[in-house]
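See below for query.cif, which holds mmCIF, C-alpha atoms and all ligand atoms.
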```cif
data_run
loop_
_atom_site.label_atom_id
_atom_site.label_comp_id
_atom_site.auth_asym_id
_atom_site.auth_seq_id
_atom_site.Cartn_x
_atom_site.Cartn_y
_atom_site.Cartn_z
CA MET A 1 0.00 0.00 0.00
CA ARG A 2 1.23 3.48 -0.80
CA PHE A 3 0.50 6.65 1.14
CA SER A 4 1.65 10.22 0.55
CA VAL A 5 3.63 11.61 3.48
CA THR A 6 4.68 14.94 1.97
CA LYS A 7 4.56 16.20 -1.61
CA ASN A 8 7.68 14.24 -2.49
CA THR A 9 7.76 11.51 0.17
CA SER A 10 5.72 8.30 0.04
CA LEU A 11 5.24 5.53 2.55
CA PHE A 12 5.27 1.99 1.16
CA ARG A 13 3.53 -0.08 3.82
CA TYR A 14 3.67 -3.86 3.77
CA GLN A 15 1.85 -6.06 6.29
CA LEU A 16 3.56 -9.19 7.59
CA ASP A 17 1.61 -12.45 7.89
CA ARG A 18 -0.16 -12.43 11.28
CA SER A 19 -0.15 -16.20 11.55
CA LYS A 20 3.65 -16.23 11.77
CA LEU A 21 5.90 -15.25 14.66
CA PHE A 22 7.97 -12.09 14.22
CA GLU A 23 11.70 -12.90 14.37
CA GLY A 24 10.55 -16.50 14.84
CA SER A 25 9.51 -15.67 18.44
CA TRP A 26 6.97 -12.90 18.91
CA PRO A 27 3.23 -13.27 18.21
CA ILE A 28 1.77 -10.61 15.93
CA LYS A 29 -1.93 -11.37 16.15
CA ASP A 30 -2.67 -7.68 15.62
CA GLY A 31 -0.19 -7.56 12.73
CA VAL A 32 2.89 -5.49 12.09
CA SER A 33 3.76 -3.29 9.15
CA VAL A 34 7.11 -3.01 7.42
CA ASN A 35 7.57 0.57 6.24
CA ALA A 36 9.82 1.79 3.45
CA TYR A 37 9.90 5.35 2.13
CA LEU A 38 10.42 6.84 -1.31
CA VAL A 39 11.84 10.36 -1.45
CA ARG A 40 11.86 12.14 -4.83
CA GLY A 41 14.11 15.12 -5.40
CA SER A 42 14.18 17.01 -8.69
CA GLU A 43 17.29 15.04 -9.70
CA LYS A 44 17.28 11.81 -7.78
CA THR A 45 14.77 9.32 -6.39
CA VAL A 46 15.78 7.40 -3.29
CA LEU A 47 14.17 4.36 -1.69
CA ILE A 48 14.82 4.08 2.05
CA ASP A 49 14.71 0.43 3.17
CA TYR A 50 13.07 -2.54 1.51
CA VAL A 51 10.93 -5.50 2.48
CA GLU A 52 11.00 -9.20 3.34
CA GLU A 53 11.83 -12.05 0.98
CA GLY A 54 9.11 -12.88 -1.50
CA ALA A 55 7.72 -9.33 -1.48
CA SER A 56 8.46 -6.20 -3.50
CA PHE A 57 7.20 -2.65 -3.92
CA ASP A 58 6.48 -3.04 -7.63
CA GLU A 59 2.75 -2.29 -7.15
CA GLU A 60 3.43 0.84 -5.09
CA LEU A 61 5.92 2.10 -7.68
CA LYS A 62 3.50 1.30 -10.52
CA GLU A 63 0.82 3.37 -8.84
CA MET A 64 3.22 6.31 -9.13
CA GLY A 65 4.03 5.51 -12.76
CA LEU A 66 7.47 4.22 -11.77
CA THR A 67 9.42 0.95 -11.85
CA VAL A 68 12.52 -0.24 -10.00
CA ASP A 69 14.55 1.29 -12.83
CA ASP A 70 13.46 4.76 -11.68
CA ILE A 71 15.11 4.37 -8.26
CA ASP A 72 18.50 6.04 -8.33
CA ILE A 73 19.79 5.12 -4.89
CA LEU A 74 18.82 2.57 -2.23
CA VAL A 75 19.40 3.62 1.38
CA LEU A 76 19.51 0.79 3.92
CA ASN A 77 19.14 1.94 7.51
CA HIS A 78 19.52 -1.59 8.85
CA MET A 79 19.96 -5.01 7.30
CA GLU A 80 17.57 -7.22 9.26
CA PRO A 81 15.77 -9.39 6.69
CA ASP A 82 12.31 -7.97 7.51
CA HIS A 83 13.62 -4.93 5.58
CA THR A 84 16.05 -6.59 3.19
CA GLY A 85 14.98 -10.20 2.47
CA GLY A 86 13.56 -9.16 -0.91
CA LEU A 87 16.85 -7.62 -2.03
CA ARG A 88 18.16 -10.73 -3.74
CA ASP A 89 15.40 -10.34 -6.30
CA PHE A 90 15.74 -6.54 -6.34
CA PHE A 91 19.50 -6.68 -6.96
CA ALA A 92 18.97 -9.26 -9.73
CA ARG A 93 16.93 -6.56 -11.49
CA ARG A 94 19.14 -3.63 -10.45
CA PRO A 95 22.64 -5.09 -9.98
CA ASP A 96 24.37 -1.72 -10.21
CA ILE A 97 22.10 0.41 -8.00
CA PRO A 98 24.18 2.45 -5.52
CA VAL A 99 23.49 1.34 -1.93
CA TYR A 100 24.08 3.79 0.95
CA CYS A 101 24.60 2.18 4.35
CA THR A 102 26.99 1.88 7.30
CA LYS A 103 30.27 -0.03 7.17
CA VAL A 104 28.84 -3.04 9.09
CA ALA A 105 25.77 -3.08 6.84
CA SER A 106 27.97 -3.01 3.74
CA LEU A 107 29.56 -6.31 4.81
CA GLU A 108 26.07 -7.77 5.26
CA VAL A 109 24.95 -6.50 1.85
CA LEU A 110 27.87 -8.44 0.46
CA SER A 111 27.49 -11.63 2.48
CA LEU A 112 23.69 -11.88 2.44
CA TYR A 113 22.82 -10.67 -1.04
CA GLY A 114 26.03 -10.97 -3.04
CA LYS A 115 26.07 -7.31 -4.08
CA LYS A 116 29.53 -6.29 -5.24
CA ASP A 117 29.85 -2.98 -3.42
CA ALA A 118 28.09 -0.41 -1.28
CA HIS A 119 28.68 3.24 -0.46
CA VAL A 120 29.75 3.40 3.19
CA ILE A 121 28.33 6.58 4.72
CA LYS A 122 30.31 8.95 6.91
CA PRO A 123 28.57 10.30 10.02
CA MET A 124 26.36 13.29 9.04
CA GLU A 125 27.15 12.78 5.37
CA GLU A 126 24.66 14.56 3.13
CA LEU A 127 23.08 13.36 -0.09
CA GLU A 128 21.55 15.95 -2.43
CA LEU A 129 18.50 14.79 -4.36
CA GLY A 130 17.62 18.17 -5.85
CA GLY A 131 15.67 20.34 -3.42
CA ALA A 132 15.83 17.55 -0.85
CA THR A 133 18.81 16.65 1.31
CA LEU A 134 19.23 13.40 3.20
CA VAL A 135 21.63 13.26 6.16
CA PHE A 136 22.91 9.92 7.44
CA VAL A 137 23.40 9.49 11.18
CA PRO A 138 24.91 6.24 12.51
CA ALA A 139 22.87 4.74 15.38
CA PRO A 140 24.87 1.61 16.18
CA ASN A 141 23.03 -1.10 18.12
CA VAL A 142 19.62 0.49 17.86
CA HIS A 143 18.73 -2.64 17.10
CA TRP A 144 21.72 -4.15 15.23
CA PRO A 145 25.31 -2.87 15.04
CA ASP A 146 24.72 -1.95 11.40
CA THR A 147 21.98 0.58 12.14
CA MET A 148 21.75 4.20 11.02
CA VAL A 149 18.91 6.69 10.76
CA THR A 150 18.28 9.07 7.88
CA TYR A 151 17.18 12.67 8.28
CA TYR A 152 15.43 14.64 5.56
CA LYS A 153 16.64 18.13 6.27
CA GLU A 154 14.16 20.36 4.46
CA GLU A 155 11.08 18.55 5.78
CA GLY A 156 12.49 17.68 9.22
CA ILE A 157 11.63 13.99 8.77
CA LEU A 158 13.53 11.35 10.71
CA PHE A 159 13.50 7.92 9.07
CA SER A 160 14.22 6.24 12.36
CA CYS A 161 14.58 2.57 11.39
CA ASP A 162 13.38 0.19 14.15
CA ALA A 163 13.48 2.94 16.80
CA PHE A 164 9.97 4.25 17.51
CA GLY A 165 8.60 1.17 15.77
CA SER A 166 5.72 -0.92 17.01
CA PHE A 167 3.72 -4.06 16.48
CA GLY A 168 0.04 -3.69 15.61
CA GLU A 169 -1.66 -2.65 12.43
CA THR A 170 -3.80 0.45 12.21
CA GLU A 171 -5.83 1.89 9.38
CA SER A 172 -4.42 5.27 10.21
CA VAL A 173 -1.03 6.26 8.88
CA TYR A 174 -0.40 9.17 11.30
CA ASP A 175 -0.60 9.34 15.08
CA THR A 176 -2.84 12.39 14.67
CA GLU A 177 -5.54 10.25 13.01
CA LEU A 178 -5.68 7.41 15.51
CA SER A 179 -8.99 6.37 17.05
CA GLU A 180 -9.02 5.89 20.83
CA ALA A 181 -8.95 2.09 20.33
CA GLU A 182 -5.99 2.35 17.95
CA LYS A 183 -4.16 4.65 20.37
CA LYS A 184 -4.49 2.08 23.13
CA LEU A 185 -3.41 -0.77 20.89
CA LEU A 186 -0.41 1.18 19.67
CA GLU A 187 0.74 2.17 23.13
CA THR A 188 0.96 -1.41 24.41
CA GLU A 189 2.19 -2.71 21.07
CA THR A 190 5.00 -0.13 21.05
CA GLU A 191 6.01 -1.19 24.55
CA ARG A 192 5.82 -4.86 23.59
CA TYR A 193 7.94 -4.23 20.48
CA TYR A 194 10.41 -2.27 22.60
CA ALA A 195 10.68 -4.91 25.35
CA ASN A 196 10.91 -7.82 22.91
CA ILE A 197 13.31 -6.32 20.42
CA VAL A 198 15.01 -3.08 21.43
CA ALA A 199 15.26 -3.33 25.24
CA PRO A 200 18.74 -4.90 25.47
CA PHE A 201 20.09 -1.94 23.50
CA SER A 202 18.56 0.75 25.67
CA SER A 203 21.84 2.52 26.46
CA PHE A 204 22.41 2.89 22.71
CA VAL A 205 18.87 4.18 22.26
CA LEU A 206 19.56 6.93 24.80
CA LYS A 207 22.85 7.75 23.06
CA ALA A 208 21.12 7.92 19.68
CA ILE A 209 18.37 10.18 21.03
CA ASP A 210 21.08 12.42 22.44
CA SER A 211 22.94 12.56 19.13
CA LEU A 212 19.71 13.60 17.37
CA LYS A 213 19.07 16.52 19.72
CA ALA A 214 20.62 19.03 17.34
CA LEU A 215 18.15 18.09 14.58
CA ASP A 216 14.80 19.79 14.20
CA ILE A 217 12.54 16.75 13.97
CA LYS A 218 9.01 17.47 12.81
CA MET A 219 8.02 13.97 11.86
CA ILE A 220 9.21 10.46 12.77
CA CYS A 221 8.87 7.78 10.11
CA PRO A 222 9.83 4.43 11.65
CA SER A 223 10.31 1.16 9.82
CA HIS A 224 7.33 -0.42 11.64
CA GLY A 225 4.02 1.06 12.71
CA ILE A 226 2.62 4.56 12.77
CA ILE A 227 4.16 7.84 11.55
CA TYR A 228 4.45 10.46 14.32
CA LYS A 229 3.78 14.05 13.38
CA GLY A 230 1.68 15.23 16.30
CA ASP A 231 3.59 16.08 19.44
CA VAL A 232 6.99 14.71 18.39
CA ALA A 233 8.76 15.97 21.54
CA ARG A 234 6.32 13.98 23.69
CA ILE A 235 6.98 10.83 21.64
CA VAL A 236 10.74 11.24 22.00
CA SER A 237 10.43 11.71 25.74
CA TRP A 238 8.12 8.65 26.01
CA TYR A 239 10.70 6.62 24.10
CA SER A 240 13.51 7.87 26.35
CA ARG A 241 11.42 6.76 29.29
CA LEU A 242 11.05 3.25 27.83
CA ALA A 243 14.83 3.13 27.40
CA SER A 244 15.41 4.44 30.91
CA TYR A 245 13.59 1.44 32.47
CA ALA A 246 16.83 -0.48 31.85
CA GLN A 247 18.62 1.37 34.65
CA GLY A 248 15.48 2.44 36.47
CA PRO A 249 13.48 3.80 38.03
CA GLN A 250 10.65 1.84 36.48
CA GLU A 251 6.93 2.35 37.04
CA LYS A 252 5.61 1.57 40.53
CA GLU A 253 3.92 -1.53 39.21
CA ILE A 254 4.34 -5.25 39.84
CA THR A 255 4.59 -8.00 37.28
CA LEU A 256 3.49 -11.33 38.71
CA LEU A 257 4.81 -14.21 36.65
CA LEU A 258 2.41 -17.05 37.45
CA SER A 259 2.86 -20.71 36.63
CA SER A 260 0.59 -23.26 38.23
CA MET A 261 -0.36 -26.79 37.27
CA TYR A 262 -3.14 -27.56 39.75
CA GLY A 263 -4.00 -24.21 41.30
CA ASN A 264 -2.10 -24.32 44.62
CA THR A 265 0.34 -21.61 43.55
CA LYS A 266 -2.38 -19.70 41.79
CA SER A 267 -4.62 -19.39 44.85
CA MET A 268 -1.72 -17.86 46.79
CA ALA A 269 -1.02 -15.51 43.87
CA ASP A 270 -4.69 -14.44 43.90
CA ALA A 271 -4.31 -13.39 47.54
CA LEU A 272 -1.34 -11.20 46.61
CA SER A 273 -3.19 -9.59 43.72
CA GLU A 274 -6.08 -8.74 46.02
CA ARG A 275 -3.75 -7.21 48.56
CA ALA A 276 -2.03 -5.05 45.93
CA GLU A 277 -5.35 -3.96 44.54
CA ALA A 278 -6.51 -2.94 48.01
CA ARG A 279 -3.36 -0.80 48.29
CA GLY A 280 -3.90 0.73 44.87
CA VAL A 281 -0.80 -0.83 43.30
CA LYS A 282 -1.10 -2.14 39.76
CA VAL A 283 -0.26 -5.82 39.29
CA HIS A 284 0.17 -7.35 35.85
CA VAL A 285 -0.51 -11.06 36.27
CA VAL A 286 1.08 -12.90 33.36
CA ARG A 287 0.41 -16.59 33.25
CA ILE A 288 3.30 -18.58 31.84
CA PRO A 289 3.22 -20.27 29.40
CA ASP A 290 -0.45 -19.41 28.68
CA ASP A 291 -0.18 -15.64 28.14
CA GLY A 292 3.16 -15.84 26.36
CA PHE A 293 6.72 -14.69 26.96
CA SER A 294 6.26 -11.66 24.73
CA VAL A 295 3.63 -10.10 27.02
CA LEU A 296 5.67 -11.05 30.09
CA LEU A 297 8.62 -9.09 28.73
CA GLU A 298 6.41 -6.10 27.96
CA LYS A 299 4.95 -5.94 31.47
CA ALA A 300 8.15 -6.81 33.35
CA TRP A 301 10.15 -4.20 31.42
CA ARG A 302 8.04 -1.34 32.81
CA SER A 303 7.56 -2.76 36.33
CA ALA A 304 9.74 -1.97 39.34
CA ALA A 305 8.97 -5.35 40.90
CA LEU A 306 8.88 -8.92 39.66
CA VAL A 307 7.07 -11.58 41.69
CA VAL A 308 7.68 -15.13 40.53
CA ALA A 309 4.94 -17.55 41.55
CA ALA A 310 5.98 -20.99 40.35
CA PRO A 311 5.73 -24.49 41.84
CA THR A 312 8.38 -27.16 42.18
CA TYR A 313 8.70 -29.51 39.25
CA GLU A 314 11.14 -32.42 39.35
CA ARG A 315 13.12 -30.84 42.19
CA ASN A 316 13.49 -27.55 40.34
CA MET A 317 11.27 -24.68 39.34
CA PHE A 318 8.46 -25.16 36.80
CA PRO A 319 10.42 -25.29 33.51
CA GLU A 320 8.61 -22.54 31.60
CA ALA A 321 9.10 -20.19 34.55
CA VAL A 322 12.84 -20.96 34.44
CA TYR A 323 12.92 -20.18 30.74
CA ALA A 324 10.91 -17.00 31.36
CA MET A 325 13.43 -15.75 33.92
CA ASP A 326 16.31 -16.59 31.61
CA LEU A 327 14.62 -14.66 28.81
CA LEU A 328 13.97 -11.66 31.07
CA CYS A 329 17.65 -11.71 32.00
CA ARG A 330 18.80 -11.83 28.36
CA LYS A 331 16.51 -8.93 27.48
CA GLY A 332 17.87 -6.79 30.31
CA VAL A 333 15.15 -6.99 32.99
CA LYS A 334 17.49 -6.51 35.92
CA GLY A 335 17.66 -4.88 39.31
CA ARG A 336 13.97 -5.15 40.14
CA LYS A 337 12.54 -5.81 43.61
CA SER A 338 11.58 -9.47 43.63
CA MET A 339 10.32 -12.51 45.53
CA HIS A 340 9.28 -16.06 44.82
CA PHE A 341 6.77 -18.49 46.21
CA GLY A 342 5.52 -21.80 44.92
CA SER A 343 3.78 -24.95 45.97
CA SER A 344 5.49 -28.31 46.23
CA LEU A 345 4.76 -31.67 47.87
CA TRP A 346 7.90 -33.54 48.86
CA SER A 347 11.28 -31.98 48.20
CA GLY A 348 10.65 -28.40 47.18
CA GLY A 349 13.41 -26.91 45.00
CA ALA A 350 11.78 -24.06 43.06
CA ALA A 351 12.87 -21.44 45.59
CA ALA A 352 16.54 -22.45 45.35
CA GLU A 353 16.52 -22.34 41.56
CA TYR A 354 14.73 -18.98 41.64
CA ARG A 355 17.44 -17.60 43.95
CA ALA A 356 20.19 -18.70 41.56
CA LEU A 357 18.43 -17.11 38.58
CA ALA A 358 17.58 -13.97 40.53
CA GLU A 359 21.22 -13.51 41.45
CA LYS A 360 22.20 -13.74 37.80
CA MET A 361 19.56 -11.10 37.02
CA GLY A 362 20.73 -8.80 39.80
CA LEU A 363 17.26 -8.83 41.37
CA ASP A 364 16.82 -7.42 44.84
CA VAL A 365 15.31 -10.52 46.49
CA VAL A 366 13.03 -10.11 49.50
CA ASP A 367 12.30 -13.82 50.01
CA ALA A 368 11.86 -17.16 48.20
CA ILE A 369 9.43 -19.63 49.72
CA ASP A 370 8.55 -23.23 48.88
CA TYR A 371 5.47 -24.48 50.75
CA ARG A 372 3.53 -27.72 50.82
CA GLY A 373 0.28 -28.21 48.92
CA ALA A 374 -2.20 -25.41 49.49
CA GLY A 375 0.07 -23.87 52.14
CA SER A 376 -0.56 -23.38 55.87
CA GLU A 377 -1.75 -20.18 57.49
CA ALA A 378 1.87 -19.56 58.54
CA ASP A 379 3.07 -19.97 54.92
CA ARG A 380 0.45 -17.50 53.79
CA GLU A 381 1.49 -14.97 56.41
CA LYS A 382 5.16 -15.32 55.49
CA ILE A 383 4.46 -14.84 51.80
CA LEU A 384 2.19 -11.86 52.40
CA ALA A 385 4.78 -10.31 54.72
CA ALA A 386 7.41 -10.52 51.96
CA PHE A 387 4.93 -9.06 49.50
CA ASP A 388 4.12 -6.22 51.91
CA LYS A 389 7.81 -5.30 51.91
CA ILE A 390 7.72 -4.99 48.14
CA LEU A 391 4.54 -2.90 48.32
CA GLU A 392 6.16 -0.62 50.89
CA GLU A 393 9.31 -0.19 48.82
CA LEU A 394 7.26 0.76 45.79
CA ASN A 395 5.64 3.60 47.67
C1 LIG B 401 5.46 -33.26 36.85
C2 LIG B 401 5.51 -32.92 38.29
C3 LIG B 401 6.70 -32.94 38.98
C4 LIG B 401 6.79 -32.61 40.33
N1 LIG B 401 7.99 -32.64 40.97
C5 LIG B 401 8.05 -32.35 42.30
C6 LIG B 401 9.27 -32.41 43.03
O1 LIG B 401 10.32 -32.76 42.48
N2 LIG B 401 9.30 -32.07 44.34
C7 LIG B 401 8.16 -31.68 44.99
O2 LIG B 401 8.24 -31.35 46.17
N3 LIG B 401 6.96 -31.62 44.33
C8 LIG B 401 6.89 -31.96 43.01
N4 LIG B 401 5.69 -31.94 42.35
C9 LIG B 401 4.48 -31.60 43.10
C10 LIG B 401 4.03 -30.19 42.84
O3 LIG B 401 5.03 -29.28 43.20
C11 LIG B 401 2.75 -29.95 43.67
O4 LIG B 401 1.72 -30.75 43.10
C12 LIG B 401 2.33 -28.51 43.72
O5 LIG B 401 1.27 -28.38 44.65
C13 LIG B 401 1.89 -28.00 42.38
O6 LIG B 401 1.54 -26.65 42.50
P1 LIG B 401 0.37 -26.06 41.59
O7 LIG B 401 -0.93 -26.57 42.13
O8 LIG B 401 0.49 -24.59 41.73
O9 LIG B 401 0.59 -26.55 40.20
C14 LIG B 401 5.60 -32.27 41.02
C15 LIG B 401 4.39 -32.25 40.34
C16 LIG B 401 4.33 -32.57 38.98
C17 LIG B 401 3.01 -32.54 38.27
FE FE B 402 15.53 -4.83 13.39
FE FE B 403 12.62 -4.09 11.71
#
```

Show how you would write the structure in this file as structure tokens.
Ligand SMILES: Cc1cc2nc3c(=O)[nH]c(=O)nc-3n(C[C@H](O)[C@H](O)[C@H](O)COP(=O)(O)O)c2cc1C
Ligand SMILES: [Fe+2]
Ligand SMILES: [Fe+2]
Amino acid sequence: MRFSVTKNTSLFRYQLDRSKLFEGSWPIKDGVSVNAYLVRGSEKTVLIDYVEEGASFDEELKEMGLTVDDIDILVLNHMEPDHTGGLRDFFARRPDIPVYCTKVASLEVLSLYGKKDAHVIKPMEELELGGATLVFVPAPNVHWPDTMVTYYKEEGILFSCDAFGSFGETESVYDTELSEAEKKLLETETERYYANIVAPFSSFVLKAIDSLKALDIKMICPSHGIIYKGDVARIVSWYSRLASYAQGPQEKEITLLLSSMYGNTKSMADALSERAEARGVKVHVVRIPDDGFSVLLEKAWRSAALVVAAPTYERNMFPEAVYAMDLLCRKGVKGRKSMHFGSSLWSGGAAAEYRALAEKMGLDVVDAIDYRGAGSEADREKILAAFDKILEELN
């Protein structure tokens, strides 16, 4: 689908298959768009980014009376195959097209798609298209080491690559046109995209935002999701906040990772949720594996506390809860207030495994408690006392 962004800038929007997992891991039941942009100067036409394997922008170009032969330069902000998989076919048709990208990306262009050469950009290098100037700004590790962003000087447009991107499809193209329902969807889907994909690179995100401060940004055109042209400063500060959760402080909210086979751990978890609710503290209960690791990451990323409620299973912790903690660790969920409790019958063992994982994650552990069956009144009091400490520390 093609949309006009400004008089000489078009959005080419491609929707990925919702039945598949993004990056082989993340559900996209509400879809995700892959955005590329065509900028036409009086002398040169530039395509910024491409699309996955098996797809092309031939239809979008045709609508404008163009073909791939009319593209003078291809700019690649980042080489992940959601934006480049289709290049093998594209390069077969345009073997000599100049490609502008970073040094790391140029090696990928070569190794992934067999292109002979690429133009390696210098930081802040400018490209004149005739009445339109593109400026290339390296943004290493915002998502991959090969990443850069492209700034269209005259229009103040930032083609921000994966930064500011989100899951979720909307009919609207601009943030200013979103319905209330779309706004809500986009907010959580941006946070989920951030926590699943960008979170481990948060320090680089903050660096990149800092390096863009000198630019007058009027519009943000990311490579996934909505275009921002409303209150751009507010969006940038929201994004900085998402990145700042890495070091903290996070929101005064609790994510309760809940695994339970027969309900003994769950009934204890319900008591904690009720207590938090009574104190006015938000608890995100994420059932693992049922609700999915993607949502767990989204909620845990923003929360200042992580409660792990998981029973003993073969002398260790319930396996999916172990995997969940490992995943949280890899994605940079660290330094949160935390506790564990879980039901067992004979040996226990979940609490000990939790402690080992929590140490690796740098969690600030209040307590870890294995109890038998449904738990005694004393178990319940001990667990609630630990939880009260977390509630107090959040206030
Ligand atoms: C597959 C399986 C393995 C288990 N392994 C252990 C174990 O090694 N040690 C233990 O004390 N309890 C073990 N249990 C017992 C559970 O921890 C106990 O049933 C607990 O109450 C389950 O909590 P839930 O009701 O929240 O699922 C096991 C239960 C199952 C189903
Ligand atoms: Fe990416
Ligand atoms: Fe992407």

* Taking all atoms listed in the file into account, which of A:Lys20, A:Lys29, A:His78, A:Arg287 comes nearest A:Asp146? ->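 Answer, going by the shortest atom-to-atom distance: A:His78.
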
For chain A against ligand LIG 401 (chain B), with a cut-off of 12 Å and counting only C-alpha atoms and all ligand atoms, what is the closest atom pair and its distance in Å to one decimal for every residue that makes the cut, ordered by chain and number, as JSON lines?
```
{"residue": "A:Leu258", "atom": "CA", "partner": "B:LIG401", "partner_atom": "O8", "distance": 8.9}
{"residue": "A:Ser259", "atom": "CA", "partner": "B:LIG401", "partner_atom": "O8", "distance": 6.8}
{"residue": "A:Ser260", "atom": "CA", "partner": "B:LIG401", "partner_atom": "O8", "distance": 3.7}
{"residue": "A:Met261", "atom": "CA", "partner": "B:LIG401", "partner_atom": "O9", "distance": 3.1}
{"residue": "A:Tyr262", "atom": "CA", "partner": "B:LIG401", "partner_atom": "O7", "distance": 3.4}
{"residue": "A:Gly263", "atom": "CA", "partner": "B:LIG401", "partner_atom": "O7", "distance": 4.0}
{"residue": "A:Asn264", "atom": "CA", "partner": "B:LIG401", "partner_atom": "O7", "distance": 3.6}
{"residue": "A:Thr265", "atom": "CA", "partner": "B:LIG401", "partner_atom": "O8", "distance": 3.5}
{"residue": "A:Lys266", "atom": "CA", "partner": "B:LIG401", "partner_atom": "O8", "distance": 5.7}
{"residue": "A:Ser267", "atom": "CA", "partner": "B:LIG401", "partner_atom": "O8", "distance": 7.9}
{"residue": "A:Met268", "atom": "CA", "partner": "B:LIG401", "partner_atom": "O8", "distance": 8.7}
{"residue": "A:Ala269", "atom": "CA", "partner": "B:LIG401", "partner_atom": "O8", "distance": 9.5}
{"residue": "A:Asp270", "atom": "CA", "partner": "B:LIG401", "partner_atom": "O8", "distance": 11.6}
{"residue": "A:Arg287", "atom": "CA", "partner": "B:LIG401", "partner_atom": "O8", "distance": 11.7}
{"residue": "A:Ile288", "atom": "CA", "partner": "B:LIG401", "partner_atom": "O9", "distance": 11.9}
{"residue": "A:Val308", "atom": "CA", "partner": "B:LIG401", "partner_atom": "O8", "distance": 11.9}
{"residue": "A:Ala309", "atom": "CA", "partner": "B:LIG401", "partner_atom": "O8", "distance": 8.3}
{"residue": "A:Ala310", "atom": "CA", "partner": "B:LIG401", "partner_atom": "O8", "distance": 6.7}
{"residue": "A:Pro311", "atom": "CA", "partner": "B:LIG401", "partner_atom": "O6", "distance": 4.8}
{"residue": "A:Thr312", "atom": "CA", "partner": "B:LIG401", "partner_atom": "O3", "distance": 4.1}
{"residue": "A:Tyr313", "atom": "CA", "partner": "B:LIG401", "partner_atom": "N1", "distance": 3.6}
{"residue": "A:Glu314", "atom": "CA", "partner": "B:LIG401", "partner_atom": "O1", "distance": 3.3}
{"residue": "A:Arg315", "atom": "CA", "partner": "B:LIG401", "partner_atom": "O1", "distance": 3.4}
{"residue": "A:Asn316", "atom": "CA", "partner": "B:LIG401", "partner_atom": "O1", "distance": 6.5}
{"residue": "A:Met317", "atom": "CA", "partner": "B:LIG401", "partner_atom": "O3", "distance": 8.7}
{"residue": "A:Phe318", "atom": "CA", "partner": "B:LIG401", "partner_atom": "C3", "distance": 8.3}
{"residue": "A:Pro319", "atom": "CA", "partner": "B:LIG401", "partner_atom": "C1", "distance": 10.0}
{"residue": "A:Phe341", "atom": "CA", "partner": "B:LIG401", "partner_atom": "O8", "distance": 9.8}
{"residue": "A:Gly342", "atom": "CA", "partner": "B:LIG401", "partner_atom": "O8", "distance": 6.6}
{"residue": "A:Ser343", "atom": "CA", "partner": "B:LIG401", "partner_atom": "O5", "distance": 4.5}
{"residue": "A:Ser344", "atom": "CA", "partner": "B:LIG401", "partner_atom": "O3", "distance": 3.2}
{"residue": "A:Leu345", "atom": "CA", "partner": "B:LIG401", "partner_atom": "O2", "distance": 3.9}
{"residue": "A:Trp346", "atom": "CA", "partner": "B:LIG401", "partner_atom": "O2", "distance": 3.5}
{"residue": "A:Ser347", "atom": "CA", "partner": "B:LIG401", "partner_atom": "O2", "distance": 3.7}
{"residue": "A:Gly348", "atom": "CA", "partner": "B:LIG401", "partner_atom": "O2", "distance": 3.9}
{"residue": "A:Gly349", "atom": "CA", "partner": "B:LIG401", "partner_atom": "N2", "distance": 6.6}
{"residue": "A:Ala350", "atom": "CA", "partner": "B:LIG401", "partner_atom": "N2", "distance": 8.5}
{"residue": "A:Ala351", "atom": "CA", "partner": "B:LIG401", "partner_atom": "O2", "distance": 11.0}
{"residue": "A:Asp370", "atom": "CA", "partner": "B:LIG401", "partner_atom": "O2", "distance": 8.6}
{"residue": "A:Tyr371", "atom": "CA", "partner": "B:LIG401", "partner_atom": "O5", "distance": 8.4}
{"residue": "A:Arg372", "atom": "CA", "partner": "B:LIG401", "partner_atom": "O5", "distance": 6.6}
{"residue": "A:Gly373", "atom": "CA", "partner": "B:LIG401", "partner_atom": "O5", "distance": 4.4}
{"residue": "A:Ala374", "atom": "CA", "partner": "B:LIG401", "partner_atom": "O5", "distance": 6.7}
{"residue": "A:Gly375", "atom": "CA", "partner": "B:LIG401", "partner_atom": "O5", "distance": 8.8}
```

* Please provide as an MDAnalysis selection string all residues within 9 Å of stretch 183-186 of chain A, with the sequence filter that same-chain residues fewer than 6 positions apart are discarded (counting only C-alpha atoms). => chainID A and resid 30 166:170 175 225:226

* Asked: Would you name the residues within 8 Å of ligand FE 402 (chain B), counting only C-alpha atoms and all ligand atoms, and put them as a PyMOL selection string?
  -> chain A and resi 78-80+82+143-144+161-162+197

* Throw together the list of residues within 12 Å of ligand FE 403 (chain B), counting only C-alpha atoms and all ligand atoms, and drop it here as a PyMOL selection string. => chain A and resi 14+16+22-23+32-36+49-52+76-85+142-144+147+160-167+193-194+196-198+222-225

Please identify all polymer residues within 6 Å of A:Thr9, counting only C-alpha atoms, omitting same-chain residues fewer than 3 positions from it, and present them as a PDB file with C-alpha atoms, keeping the file's coordinate frame.
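Written file, around_7.pdb:
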```pdb
ATOM      1  CA  VAL A   5       3.630  11.610   3.480  1.00  0.00           C
ATOM      2  CA  THR A   6       4.680  14.940   1.970  1.00  0.00           C
ATOM      3  CA  LEU A  38      10.420   6.840  -1.310  1.00  0.00           C
ATOM      4  CA  VAL A  39      11.840  10.360  -1.450  1.00  0.00           C
TER       5      VAL A  39
END
```

* Considering all atoms listed in the file, return as a list in words whatever protein or nucleic-acid residues lie within 12 Å of A:Ser203, sequence-local ones (same chain, fewer than 2 positions apart) excluded. =>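 Skipping anything fewer than 2 positions along the chain leaves Ala139, Pro140, Asn141, Val142, His143, Val198, Ala199, Pro200, Phe201, Val205, Leu206, Lys207, Ala208, Ile209, Asp210, Ser240, Arg241, Leu242, Ala243, Ser244, Tyr245, Ala246, Gln247, Gly248 and Gly332 of chain A.
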